[in-house]
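**Student:** What follows is the file final-v4.cif, containing mmCIF, C-alpha atoms and all ligand atoms:
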data_final
loop_
_atom_site.label_atom_id
_atom_site.label_comp_id
_atom_site.auth_asym_id
_atom_site.auth_seq_id
_atom_site.Cartn_x
_atom_site.Cartn_y
_atom_site.Cartn_z
CA MET A 33 -95.31 74.68 97.34
CA SER A 34 -92.56 77.21 96.57
CA GLY A 35 -94.61 80.36 96.22
CA ARG A 36 -92.00 81.87 93.89
CA THR A 37 -93.34 84.74 91.82
CA GLY A 38 -92.41 87.24 89.13
CA ILE A 39 -94.13 90.08 91.01
CA GLU A 40 -91.42 92.70 91.26
CA TRP A 41 -92.02 93.88 94.83
CA THR A 42 -92.08 90.56 96.63
CA ASP A 43 -90.21 87.24 96.81
CA ARG A 44 -93.05 84.77 97.27
CA THR A 45 -96.81 84.55 97.26
CA TRP A 46 -98.88 82.66 99.84
CA ASN A 47 -102.53 82.00 99.07
CA PRO A 48 -104.46 80.58 102.03
CA VAL A 49 -107.58 82.02 100.37
CA VAL A 50 -108.58 81.68 96.70
CA GLY A 51 -111.29 83.68 94.92
CA CYS A 52 -112.73 87.16 95.22
CA THR A 53 -115.34 89.61 93.89
CA LYS A 54 -114.77 92.97 92.23
CA VAL A 55 -115.10 96.15 94.26
CA SER A 56 -113.75 99.04 92.19
CA GLN A 57 -112.29 100.20 88.86
CA GLY A 58 -108.91 98.67 89.72
CA CYS A 59 -110.52 95.21 89.67
CA LYS A 60 -111.79 95.49 86.07
CA ASN A 61 -109.04 93.32 84.58
CA CYS A 62 -108.15 91.36 87.74
CA TYR A 63 -105.36 89.00 86.68
CA ALA A 64 -106.28 86.48 89.39
CA LYS A 65 -109.81 86.20 87.98
CA THR A 66 -108.53 85.95 84.40
CA ILE A 67 -106.27 83.03 85.21
CA HIS A 68 -108.83 81.33 87.44
CA ASP A 69 -111.60 81.65 84.82
CA MET A 70 -109.34 80.07 82.18
CA ARG A 71 -108.52 77.13 84.44
CA HIS A 72 -112.13 76.77 85.58
CA ALA A 73 -113.19 76.58 81.92
CA ALA A 74 -110.54 73.90 81.35
CA HIS A 75 -111.93 71.98 84.33
CA LEU A 76 -115.46 72.22 82.90
CA ALA A 77 -114.10 70.95 79.58
CA GLY A 78 -112.91 67.81 81.37
CA LYS A 79 -109.22 68.65 81.85
CA LYS A 80 -107.53 67.57 85.07
CA MET A 81 -106.93 70.74 87.07
CA ALA A 82 -106.03 71.56 90.68
CA PRO A 83 -109.14 71.25 92.92
CA GLN A 84 -109.57 75.00 93.48
CA TYR A 85 -110.49 75.40 89.80
CA ALA A 86 -113.61 73.24 90.17
CA VAL A 87 -115.52 76.29 91.41
CA PRO A 88 -115.84 79.81 89.94
CA PHE A 89 -113.50 82.60 91.08
CA GLU A 90 -116.37 84.43 92.79
CA HIS A 91 -116.79 81.54 95.22
CA VAL A 92 -114.25 82.36 97.96
CA GLN A 93 -112.42 79.22 99.10
CA LEU A 94 -110.46 78.81 102.33
CA MET A 95 -107.36 76.63 101.95
CA PRO A 96 -106.42 75.57 105.52
CA ASP A 97 -103.89 73.03 104.26
CA ARG A 98 -101.76 75.94 102.97
CA LEU A 99 -101.66 77.78 106.28
CA THR A 100 -98.45 76.37 107.75
CA TRP A 101 -96.33 76.79 104.61
CA PRO A 102 -94.47 79.98 105.75
CA LEU A 103 -93.32 78.14 108.87
CA SER A 104 -91.45 75.62 106.74
CA LEU A 105 -89.84 78.28 104.51
CA ARG A 106 -86.40 78.80 106.05
CA GLN A 107 -85.07 81.59 103.85
CA PRO A 108 -86.17 85.00 105.17
CA SER A 109 -88.49 86.34 102.48
CA ARG A 110 -90.97 89.04 101.61
CA ILE A 111 -94.27 87.21 101.25
CA PHE A 112 -97.30 88.67 99.48
CA VAL A 113 -100.35 87.32 101.33
CA ASN A 114 -103.25 86.40 99.04
CA SER A 115 -102.20 87.42 95.56
CA VAL A 116 -105.36 85.73 94.19
CA SER A 117 -107.85 86.98 96.74
CA ASP A 118 -108.39 89.61 99.43
CA LEU A 119 -107.79 88.52 103.03
CA PHE A 120 -110.47 90.97 104.20
CA HIS A 121 -113.16 89.80 101.78
CA GLU A 122 -116.52 89.58 103.54
CA ASP A 123 -116.65 85.79 102.97
CA VAL A 124 -113.43 85.13 104.91
CA PRO A 125 -114.41 84.49 108.55
CA ASP A 126 -112.59 86.31 111.35
CA GLU A 127 -111.45 82.95 112.75
CA PHE A 128 -109.58 82.20 109.55
CA ILE A 129 -107.94 85.63 109.50
CA ASP A 130 -106.88 84.96 113.13
CA ARG A 131 -105.08 81.85 111.93
CA VAL A 132 -103.30 83.76 109.16
CA PHE A 133 -102.15 86.35 111.73
CA ALA A 134 -101.06 83.59 114.12
CA ILE A 135 -98.86 82.10 111.39
CA MET A 136 -97.38 85.52 110.57
CA ALA A 137 -96.54 86.00 114.27
CA MET A 138 -94.96 82.56 114.41
CA ALA A 139 -92.74 83.23 111.38
CA PRO A 140 -90.99 86.50 112.37
CA ARG A 141 -88.11 85.94 109.91
CA HIS A 142 -90.43 86.83 107.02
CA ALA A 143 -92.02 90.16 106.10
CA PHE A 144 -95.68 89.56 105.20
CA GLN A 145 -97.26 92.01 102.75
CA VAL A 146 -101.05 92.14 103.13
CA LEU A 147 -102.73 94.22 100.42
CA THR A 148 -106.48 94.91 100.43
CA LYS A 149 -109.20 96.85 98.67
CA ARG A 150 -111.36 96.41 101.77
CA PRO A 151 -109.62 98.60 104.37
CA GLU A 152 -112.85 99.18 106.30
CA ARG A 153 -112.94 95.52 107.27
CA MET A 154 -109.19 95.50 107.95
CA LEU A 155 -109.60 98.41 110.38
CA GLU A 156 -112.60 96.76 112.03
CA TYR A 157 -110.74 93.45 112.34
CA ILE A 158 -107.50 94.90 113.74
CA GLY A 159 -109.42 97.17 116.12
CA ALA A 160 -111.61 94.42 117.58
CA PRO A 161 -111.29 94.02 121.37
CA GLY A 162 -109.61 90.78 122.44
CA LEU A 163 -107.99 90.17 119.06
CA VAL A 164 -104.52 89.35 120.43
CA GLY A 165 -106.06 86.64 122.66
CA ASP A 166 -108.05 85.26 119.71
CA ILE A 167 -104.92 85.02 117.56
CA ASP A 168 -102.94 83.43 120.39
CA GLY A 169 -105.84 81.01 120.94
CA ARG A 170 -105.65 79.76 117.33
CA SER A 171 -101.94 79.10 117.61
CA TRP A 172 -102.00 75.83 119.54
CA ARG A 173 -103.52 73.85 116.67
CA ILE A 174 -101.00 75.41 114.33
CA ARG A 175 -98.22 74.34 116.69
CA GLU A 176 -99.56 70.81 116.66
CA ALA A 177 -99.67 70.80 112.86
CA GLY A 178 -96.19 72.33 112.70
CA HIS A 179 -94.71 69.76 115.07
CA ALA A 180 -96.36 66.97 113.08
CA PHE A 181 -94.42 68.16 110.02
CA GLY A 182 -91.19 68.70 111.96
CA VAL A 183 -91.40 72.51 111.78
CA ALA A 184 -89.66 74.32 114.63
CA ILE A 185 -91.79 77.04 116.24
CA ALA A 186 -90.41 79.24 119.02
CA ASP A 187 -92.07 78.83 122.43
CA ASP A 188 -92.14 82.53 123.16
CA VAL A 189 -94.10 83.91 120.20
CA ASN A 190 -95.19 87.51 120.74
CA PHE A 191 -98.72 88.00 119.42
CA ALA A 192 -98.93 91.67 120.43
CA LEU A 193 -100.25 93.93 117.67
CA PRO A 194 -99.12 95.49 115.45
CA LEU A 195 -96.91 92.58 114.44
CA PRO A 196 -93.48 94.04 113.50
CA ASN A 197 -93.17 91.80 110.41
CA VAL A 198 -96.60 92.49 108.91
CA TRP A 199 -96.97 95.27 106.34
CA LEU A 200 -100.53 96.42 105.68
CA GLY A 201 -101.38 98.09 102.40
CA VAL A 202 -104.30 99.37 100.33
CA SER A 203 -104.76 99.58 96.56
CA VAL A 204 -105.25 103.12 95.27
CA GLU A 205 -105.91 103.16 91.54
CA ASN A 206 -107.14 106.78 91.38
CA GLN A 207 -107.91 109.83 93.51
CA LYS A 208 -111.28 108.48 94.63
CA ALA A 209 -109.81 105.21 95.90
CA ALA A 210 -106.98 107.14 97.56
CA GLU A 211 -109.38 109.45 99.39
CA GLU A 212 -111.57 106.57 100.54
CA ARG A 213 -108.91 104.05 101.51
CA ILE A 214 -105.87 105.94 102.79
CA PRO A 215 -107.61 107.45 105.85
CA LEU A 216 -108.73 103.95 106.87
CA LEU A 217 -105.18 102.65 106.48
CA GLN A 218 -103.85 105.56 108.51
CA GLN A 219 -106.17 104.61 111.37
CA THR A 220 -105.12 100.94 111.27
CA PRO A 221 -102.21 100.07 113.57
CA ALA A 222 -99.40 98.61 111.45
CA ALA A 223 -95.61 98.33 111.53
CA VAL A 224 -95.45 99.34 107.86
CA ARG A 225 -98.25 100.98 105.85
CA PHE A 226 -98.04 100.86 102.08
CA LEU A 227 -99.94 101.84 98.94
CA SER A 228 -100.19 99.97 95.66
CA ALA A 229 -101.19 102.31 92.84
CA GLU A 230 -101.62 99.56 90.27
CA PRO A 231 -103.18 99.71 87.80
CA LEU A 232 -102.76 103.46 88.07
CA LEU A 233 -105.81 104.96 86.31
CA GLY A 234 -105.38 108.66 87.02
CA PRO A 235 -103.31 111.26 88.86
CA ILE A 236 -103.25 111.16 92.66
CA ASP A 237 -102.68 114.22 94.83
CA PHE A 238 -101.82 113.08 98.33
CA TYR A 239 -102.66 116.52 99.69
CA GLY A 240 -106.26 115.63 98.98
CA ALA A 241 -106.13 112.08 100.26
CA GLY A 242 -105.85 111.22 103.89
CA SER A 243 -105.00 114.72 104.97
CA ARG A 244 -107.20 117.22 106.71
CA GLY A 245 -108.04 120.24 104.65
CA GLY A 246 -106.26 119.93 101.35
CA GLU A 247 -107.32 123.39 100.20
CA ASP A 248 -104.65 125.55 98.58
CA GLY A 249 -103.07 127.77 101.18
CA ASP A 250 -104.56 125.86 104.10
CA PRO A 251 -101.79 125.81 106.74
CA PHE A 252 -103.18 122.57 108.15
CA ALA A 253 -103.11 120.74 104.85
CA PHE A 254 -100.36 118.16 104.51
CA SER A 255 -99.47 115.21 102.37
CA ALA A 256 -101.06 111.92 103.40
CA LEU A 257 -97.69 110.35 102.65
CA ARG A 258 -96.00 112.29 105.40
CA GLY A 259 -98.83 112.30 107.92
CA THR A 260 -98.45 114.60 110.84
CA ASP A 261 -98.02 114.67 114.55
CA GLY A 262 -98.80 118.37 114.58
CA VAL A 263 -102.56 117.93 114.94
CA GLU A 264 -104.65 116.02 117.44
CA PRO A 265 -105.07 113.16 117.01
CA PRO A 266 -101.87 112.62 114.99
CA ILE A 267 -102.26 111.07 111.53
CA ALA A 268 -99.94 108.27 110.44
CA GLY A 269 -97.82 108.63 107.33
CA ILE A 270 -97.22 106.09 104.57
CA ASP A 271 -94.02 104.00 104.52
CA TRP A 272 -93.91 102.72 100.94
CA VAL A 273 -95.57 103.33 97.57
CA ILE A 274 -95.72 101.02 94.54
CA VAL A 275 -96.83 102.24 91.09
CA GLY A 276 -97.63 100.14 88.04
CA GLY A 277 -99.58 100.18 84.78
CA GLU A 278 -102.02 97.59 83.48
CA SER A 279 -101.41 94.64 81.20
CA GLY A 280 -103.75 92.06 79.71
CA SER A 281 -105.17 90.56 76.55
CA SER A 282 -106.68 92.62 73.72
CA LYS A 283 -110.10 91.41 74.81
CA GLN A 284 -109.49 92.91 78.26
CA ASN A 285 -108.42 96.20 76.72
CA PRO A 286 -105.81 97.18 79.34
CA ARG A 287 -105.79 100.88 80.18
CA PRO A 288 -102.72 103.06 79.49
CA MET A 289 -101.00 105.00 82.28
CA HIS A 290 -100.04 108.61 81.54
CA PRO A 291 -96.37 109.10 82.49
CA ASP A 292 -97.25 112.24 84.45
CA TRP A 293 -99.47 110.21 86.79
CA ALA A 294 -96.49 108.00 87.72
CA ARG A 295 -94.11 110.98 87.88
CA GLY A 296 -96.50 112.89 90.10
CA ILE A 297 -96.56 110.07 92.65
CA ARG A 298 -92.79 109.60 92.45
CA ASP A 299 -92.16 113.30 93.01
CA GLN A 300 -94.51 113.39 96.00
CA CYS A 301 -92.72 110.34 97.45
CA VAL A 302 -89.30 111.94 96.97
CA ALA A 303 -90.51 115.17 98.59
CA ALA A 304 -91.96 113.27 101.56
CA GLY A 305 -88.98 110.91 101.88
CA VAL A 306 -91.16 107.86 101.22
CA PRO A 307 -89.60 104.84 99.41
CA PHE A 308 -90.97 104.48 95.88
CA LEU A 309 -91.04 101.38 93.66
CA PHE A 310 -91.94 101.64 89.98
CA LYS A 311 -93.16 98.15 89.18
CA GLN A 312 -93.81 98.34 85.46
CA TRP A 313 -95.47 100.30 82.68
CA GLY A 314 -97.95 97.56 81.83
CA ASP A 315 -98.76 97.02 78.16
CA TRP A 316 -98.49 100.70 77.16
CA THR A 317 -95.52 102.98 76.92
CA VAL A 318 -94.94 106.56 75.84
CA CYS A 319 -95.13 107.06 72.06
CA PRO A 320 -92.11 109.02 70.77
CA LEU A 321 -94.29 110.76 68.17
CA ARG A 322 -96.03 113.88 69.39
CA HIS A 323 -98.71 114.01 66.74
CA LEU A 324 -100.60 111.14 65.23
CA PRO A 325 -103.72 111.25 63.09
CA GLU A 326 -106.86 111.19 65.20
CA ASP A 327 -108.13 108.13 63.35
CA VAL A 328 -105.00 106.09 64.13
CA GLU A 329 -105.73 102.53 65.17
CA GLU A 330 -107.09 102.53 68.76
CA VAL A 331 -105.71 99.10 69.57
CA LYS A 332 -102.05 100.10 69.23
CA HIS A 333 -102.12 103.84 69.85
CA ARG A 334 -104.22 105.85 72.24
CA ARG A 335 -104.23 109.39 73.48
CA VAL A 336 -104.36 110.07 77.21
CA GLY A 337 -104.88 113.81 77.54
CA GLU A 338 -102.26 115.31 75.23
CA GLN A 339 -99.98 112.29 75.50
CA TRP A 340 -99.92 109.59 72.83
CA MET A 341 -99.27 106.11 74.20
CA MET A 342 -98.46 102.99 72.23
CA ARG A 343 -99.16 99.39 73.11
CA VAL A 344 -95.97 97.33 72.93
CA GLY A 345 -96.59 94.65 75.56
CA LYS A 346 -95.45 94.47 79.15
CA LYS A 347 -91.99 93.05 78.44
CA ARG A 348 -91.01 95.71 75.92
CA ALA A 349 -92.54 98.53 77.90
CA GLY A 350 -90.25 97.58 80.79
CA ARG A 351 -89.96 99.26 84.16
CA GLU A 352 -87.86 102.37 83.74
CA LEU A 353 -89.30 105.74 84.61
CA ASP A 354 -87.38 108.69 83.15
CA GLY A 355 -84.36 106.58 82.34
CA ARG A 356 -83.94 104.61 85.55
CA THR A 357 -85.54 101.95 87.70
CA TRP A 358 -87.03 102.76 91.10
CA ASP A 359 -86.72 99.87 93.54
CA GLU A 360 -86.94 101.38 96.99
CA TYR A 361 -88.29 99.47 100.01
CA PRO A 362 -89.32 100.51 103.49
CA SER A 363 -86.66 98.30 105.04
CA PRO A 364 -83.70 96.64 103.38
CA LYS A 365 -83.92 92.94 102.74
CA GLU A 366 -80.83 92.29 104.84
CA LYS A 367 -82.90 93.25 107.84
CA LEU A 368 -85.23 90.27 107.36
CA ALA A 369 -84.22 87.60 109.80
S1 LIG B 401 -109.88 92.87 95.13
FE1 LIG B 401 -108.05 92.13 94.06
S2 LIG B 401 -108.34 89.91 93.87
FE2 LIG B 401 -110.33 90.81 94.37
S3 LIG B 401 -111.31 91.11 92.37
FE3 LIG B 401 -110.29 93.04 92.95
S4 LIG B 401 -108.26 92.91 91.96
FE4 LIG B 401 -109.12 90.83 92.00
#
In structure tokens, how does this file's structure come out?

**Tutor:**
Amino acid sequence: MSGRTGIEWTDRTWNPVVGCTKVSQGCKNCYAKTIHDMRHAAHLAGKKMAPQYAVPFEHVQLMPDRLTWPLSLRQPSRIFVNSVSDLFHEDVPDEFIDRVFAIMAMAPRHAFQVLTKRPERMLEYIGAPGLVGDIDGRSWRIREAGHAFGVAIADDVNFALPLPNVWLGVSVENQKAAEERIPLLQQTPAAVRFLSAEPLLGPIDFYGAGSRGGEDGDPFAFSALRGTDGVEPPIAGIDWVIVGGESGSSKQNPRPMHPDWARGIRDQCVAAGVPFLFKQWGDWTVCPLRHLPEDVEEVKHRRVGEQWMMRVGKKRAGRELDGRTWDEYPSPKEKLA
């Protein structure tokens, strides 16, 4: 298992859980489901496939044999946890999440990026009394497994939460998701809190998401990105924001991202001093023509508000926003060790 990935904001993926169910608009064209469904169909057609493809994507599978992999990865890496599932899915038992957290504590050289669309369960899990003891308690079997494979594990692992090498994030595809999920993330203790606005499906105003007030002229309104310590209780800020558009097959009908939606988030990040990463446009890019006939082919050209977009494919659309790439991170990679 190498876990190498083309996902722009990480080095590796680690999937101790496989399978998920859709929860919001951002899940409509879930790439993990698309790939799994294809391979499951191949399995049903009699092709030899990896065992996880014997069951449908919606059947959440725990993969305990993958748990110790980060311990054997020597090179300090950013690791995206569960790129084909959601660690906080209701079908993943707390005991299993404890084991994932135990591994992350035992591999402090890596930065683990946990992204969820279920922040209510994440908050409930992290806030549970006795959690540190539970995580510590799961570690002895992991140690045994690690030693059996010749993996060195430090004796003095610190299981205190929040773990300094674990980044917790929520997906925010539109204003509604931002307003529902960011406040839950802000209440969750974490070393790094991040947002993934991908696929971005609309504009997001962070003054209306995760802040108190949000009314124009309200002196207590503030950007959720910045948070505040000026009110009681203080509200945590956000440490990193990723933006990306949607890609997929014609059948999936990927949705275009208006450039102003991405610019709006970038500008709010710059104003708040929050690192911003523009991952990609997705399949659609800005059409250089301002006016097209209204009956122009929908498949290749589409109007989003006043903006015409054209479908050129993910590779051609690229990842520049206003003539440059944006690849900022909450902590430089050199600091991983
Ligand atoms: S939460 Fe993530 S993995 Fe699960 S269905 Fe939605 S997009 Fe797919």

**Student:** What is the CA of Gln218 in chain A-CA of Ala268 in chain A distance in Å, reported with one decimal?

**Tutor:** 5.1 Å

**Student:** Within 7 Å of ligand LIG 401 (chain B) (counting only C-alpha atoms and all ligand atoms), which residues show up? I'd like them as a ChimeraX atom specification.

**Tutor:** /A:51-56,58-59,62-65,115-118,148-149

**Student:** Do a neighbour search on Thr37 in chain A at 12 Å with all atoms listed in the file, toss out local chain neighbours closer than 2 positions, and write the hits as a short mmCIF file (atom, residue, chain, number, x, y, z; two decimals) with C-alpha atoms, in the frame of the given file.

**Tutor:**
data_model
loop_
_atom_site.label_atom_id
_atom_site.label_comp_id
_atom_site.auth_asym_id
_atom_site.auth_seq_id
_atom_site.Cartn_x
_atom_site.Cartn_y
_atom_site.Cartn_z
CA MET A 33 -95.31 74.68 97.34
CA SER A 34 -92.56 77.21 96.57
CA GLY A 35 -94.61 80.36 96.22
CA ILE A 39 -94.13 90.08 91.01
CA GLU A 40 -91.42 92.70 91.26
CA TRP A 41 -92.02 93.88 94.83
CA THR A 42 -92.08 90.56 96.63
CA ASP A 43 -90.21 87.24 96.81
CA ARG A 44 -93.05 84.77 97.27
CA THR A 45 -96.81 84.55 97.26
CA TRP A 46 -98.88 82.66 99.84
CA SER A 109 -88.49 86.34 102.48
CA ARG A 110 -90.97 89.04 101.61
CA ILE A 111 -94.27 87.21 101.25
CA PHE A 112 -97.30 88.67 99.48
CA SER A 115 -102.20 87.42 95.56
#

**Student:** Using all atoms listed in the file, give me every residue within 10 Å of (-89.2, 104.2, 92.9) in file coordinates, as a PyMOL selection string.

**Tutor:** chain A and resi 272-275+294-295+297-299+301-302+306-311+352-353+356-361

**Student:** Do you have the CA of Ile135 in chain A-CA of Ala210 in chain A distance handy?

**Tutor:**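 The value is 29.7 Å.
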
**Student:** Hey, which of A:Ala209, A:Met342, A:Ala222, A:Val198 ends up closest to Val328 in chain A? Count only C-alpha atoms.

**Tutor:** A:Met342

**Student:** CA of Asp168 in chain A to CA of Ala186 in chain A: how many Å, to one decimal?

**Tutor:** 13.3 Å

**Student:** The residues within 12 Å of (-107.7, 98.2, 113.3), using all atoms listed in the file and the coordinates of the file, should be reported as a compact mmCIF listing (two decimals) with C-alpha atoms, keeping the file's coordinate frame; which are they?

**Tutor:**
# COMPACT_ATOMS: atom_id res chain seq x y z
CA PHE A 120 -110.47 90.97 104.20
CA PRO A 151 -109.62 98.60 104.37
CA GLU A 152 -112.85 99.18 106.30
CA ARG A 153 -112.94 95.52 107.27
CA MET A 154 -109.19 95.50 107.95
CA LEU A 155 -109.60 98.41 110.38
CA GLU A 156 -112.60 96.76 112.03
CA TYR A 157 -110.74 93.45 112.34
CA ILE A 158 -107.50 94.90 113.74
CA GLY A 159 -109.42 97.17 116.12
CA ALA A 160 -111.61 94.42 117.58
CA PRO A 161 -111.29 94.02 121.37
CA GLY A 162 -109.61 90.78 122.44
CA LEU A 163 -107.99 90.17 119.06
CA VAL A 164 -104.52 89.35 120.43
CA LEU A 193 -100.25 93.93 117.67
CA PRO A 194 -99.12 95.49 115.45
CA LEU A 200 -100.53 96.42 105.68
CA PRO A 215 -107.61 107.45 105.85
CA LEU A 216 -108.73 103.95 106.87
CA LEU A 217 -105.18 102.65 106.48
CA GLN A 218 -103.85 105.56 108.51
CA GLN A 219 -106.17 104.61 111.37
CA THR A 220 -105.12 100.94 111.27
CA PRO A 221 -102.21 100.07 113.57
CA ALA A 222 -99.40 98.61 111.45

**Student:** Nearest to Ala192 in chain A: which of A:Phe144, A:Trp172, A:Tyr239, A:Phe133 is it, counting all atoms listed in the file?

**Tutor:**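 Residue with the minimum atom-to-atom distance to Ala192 in chain A: A:Phe133.
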
**Student:** Could you check the closest approach to Trp199 in chain A for each of A:Val113, A:Ile167, A:Ala74, A:Val183 and tell me which residue wins, using all atoms listed in the file?

**Tutor:**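 The closest residue to Trp199 in chain A is A:Val113.
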
**Student:** Which residues are near Arg348 in chain A? Cut-off 12 Å, all atoms listed in the file, ignore same chain within fewer than 5 positions. Put them as a PyMOL selection string.

**Tutor:** chain A and resi 279+312-318+342-343

**Student:** Please produce an output containing C-alpha atoms for each residue in the selection, written as a CSV table (one decimal), keeping the file's coordinate frame.

**Tutor:**
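Once written, selection-v7.csv looks like this:
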chain,number,residue,atom,x,y,z
A,279,SER,CA,-101.4,94.6,81.2
A,312,GLN,CA,-93.8,98.3,85.5
A,313,TRP,CA,-95.5,100.3,82.7
A,314,GLY,CA,-98.0,97.6,81.8
A,315,ASP,CA,-98.8,97.0,78.2
A,316,TRP,CA,-98.5,100.7,77.2
A,317,THR,CA,-95.5,103.0,76.9
A,318,VAL,CA,-94.9,106.6,75.8
A,342,MET,CA,-98.5,103.0,72.2
A,343,ARG,CA,-99.2,99.4,73.1

**Student:** Which residue is closest to Pro362 in chain A? Choose from A:Arg225, A:Arg258, A:Lys80, A:Lys283 and count only C-alpha atoms.

**Tutor:**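 Nearest candidate to Pro362 in chain A out of A:Arg225, A:Arg258, A:Lys80, A:Lys283: A:Arg225.
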
**Student:** If you count all atoms listed in the file, which residues fall within 10 Å of Phe128 in chain A, apart from same-chain ones fewer than 3 positions away, as an mmCIF file with C-alpha atoms, in the coordinates of the input?

**Tutor:**
data_model
loop_
_atom_site.group_PDB
_atom_site.id
_atom_site.type_symbol
_atom_site.label_atom_id
_atom_site.label_comp_id
_atom_site.auth_asym_id
_atom_site.auth_seq_id
_atom_site.Cartn_x
_atom_site.Cartn_y
_atom_site.Cartn_z
ATOM 1 C CA PRO A 48 -104.460 80.580 102.030
ATOM 2 C CA VAL A 49 -107.580 82.020 100.370
ATOM 3 C CA LEU A 94 -110.460 78.810 102.330
ATOM 4 C CA MET A 95 -107.360 76.630 101.950
ATOM 5 C CA PRO A 96 -106.420 75.570 105.520
ATOM 6 C CA LEU A 99 -101.660 77.780 106.280
ATOM 7 C CA LEU A 119 -107.790 88.520 103.030
ATOM 8 C CA VAL A 124 -113.430 85.130 104.910
ATOM 9 C CA PRO A 125 -114.410 84.490 108.550
ATOM 10 C CA ARG A 131 -105.080 81.850 111.930
ATOM 11 C CA VAL A 132 -103.300 83.760 109.160
ATOM 12 C CA PHE A 133 -102.150 86.350 111.730
ATOM 13 C CA ALA A 134 -101.060 83.590 114.120
ATOM 14 C CA ILE A 167 -104.920 85.020 117.560
ATOM 15 C CA ARG A 170 -105.650 79.760 117.330
#

**Student:** Skipping near chain neighbours, those fewer than 5 positions away, what residues fall within 9 Å of Gly234 in chain A using all atoms listed in the file, listed as a list in words?

**Tutor:** Glu205, Asn206, Gln207, Met289, His290, Trp293 and Ala294 of chain A

**Student:** Mind checking which residues fall within 10 Å of Cys319 in chain A, counting all atoms listed in the file, ignoring those fewer than 5 positions away in the same chain, and posting them as an NGL selection string?

**Tutor:** :A and (324 or 333-335 or 339-344)

**Student:** Would you save the residues from that selection as a tab-separated table (two decimals), in the coordinates of the input, using C-alpha atoms?

**Tutor:**
chain	number	residue	atom	x	y	z
A	324	LEU	CA	-100.60	111.14	65.23
A	333	HIS	CA	-102.12	103.84	69.85
A	334	ARG	CA	-104.22	105.85	72.24
A	335	ARG	CA	-104.23	109.39	73.48
A	339	GLN	CA	-99.98	112.29	75.50
A	340	TRP	CA	-99.92	109.59	72.83
A	341	MET	CA	-99.27	106.11	74.20
A	342	MET	CA	-98.46	102.99	72.23
A	343	ARG	CA	-99.16	99.39	73.11
A	344	VAL	CA	-95.97	97.33	72.93

**Student:** Taking all atoms of range 285-298 of chain A that the file lists, what box with edges along x, y and z, padded by 5 Å per side, do you get, with centre and edge lengths in Å to one decimal, as JSON?

**Tutor:**
{"center_x": -100.6, "center_y": 104.5, "center_z": 84.7, "size_x": 25.6, "size_y": 26.7, "size_z": 25.9}

**Student:** From the list A:Pro108, A:Pro231, A:Gly276, A:Pro266, which residue is nearest Gln57 in chain A when using all atoms listed in the file?

**Tutor:**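 Of A:Pro108, A:Pro231, A:Gly276, A:Pro266, the one nearest Gln57 in chain A is A:Pro231, counting all atoms listed in the file.
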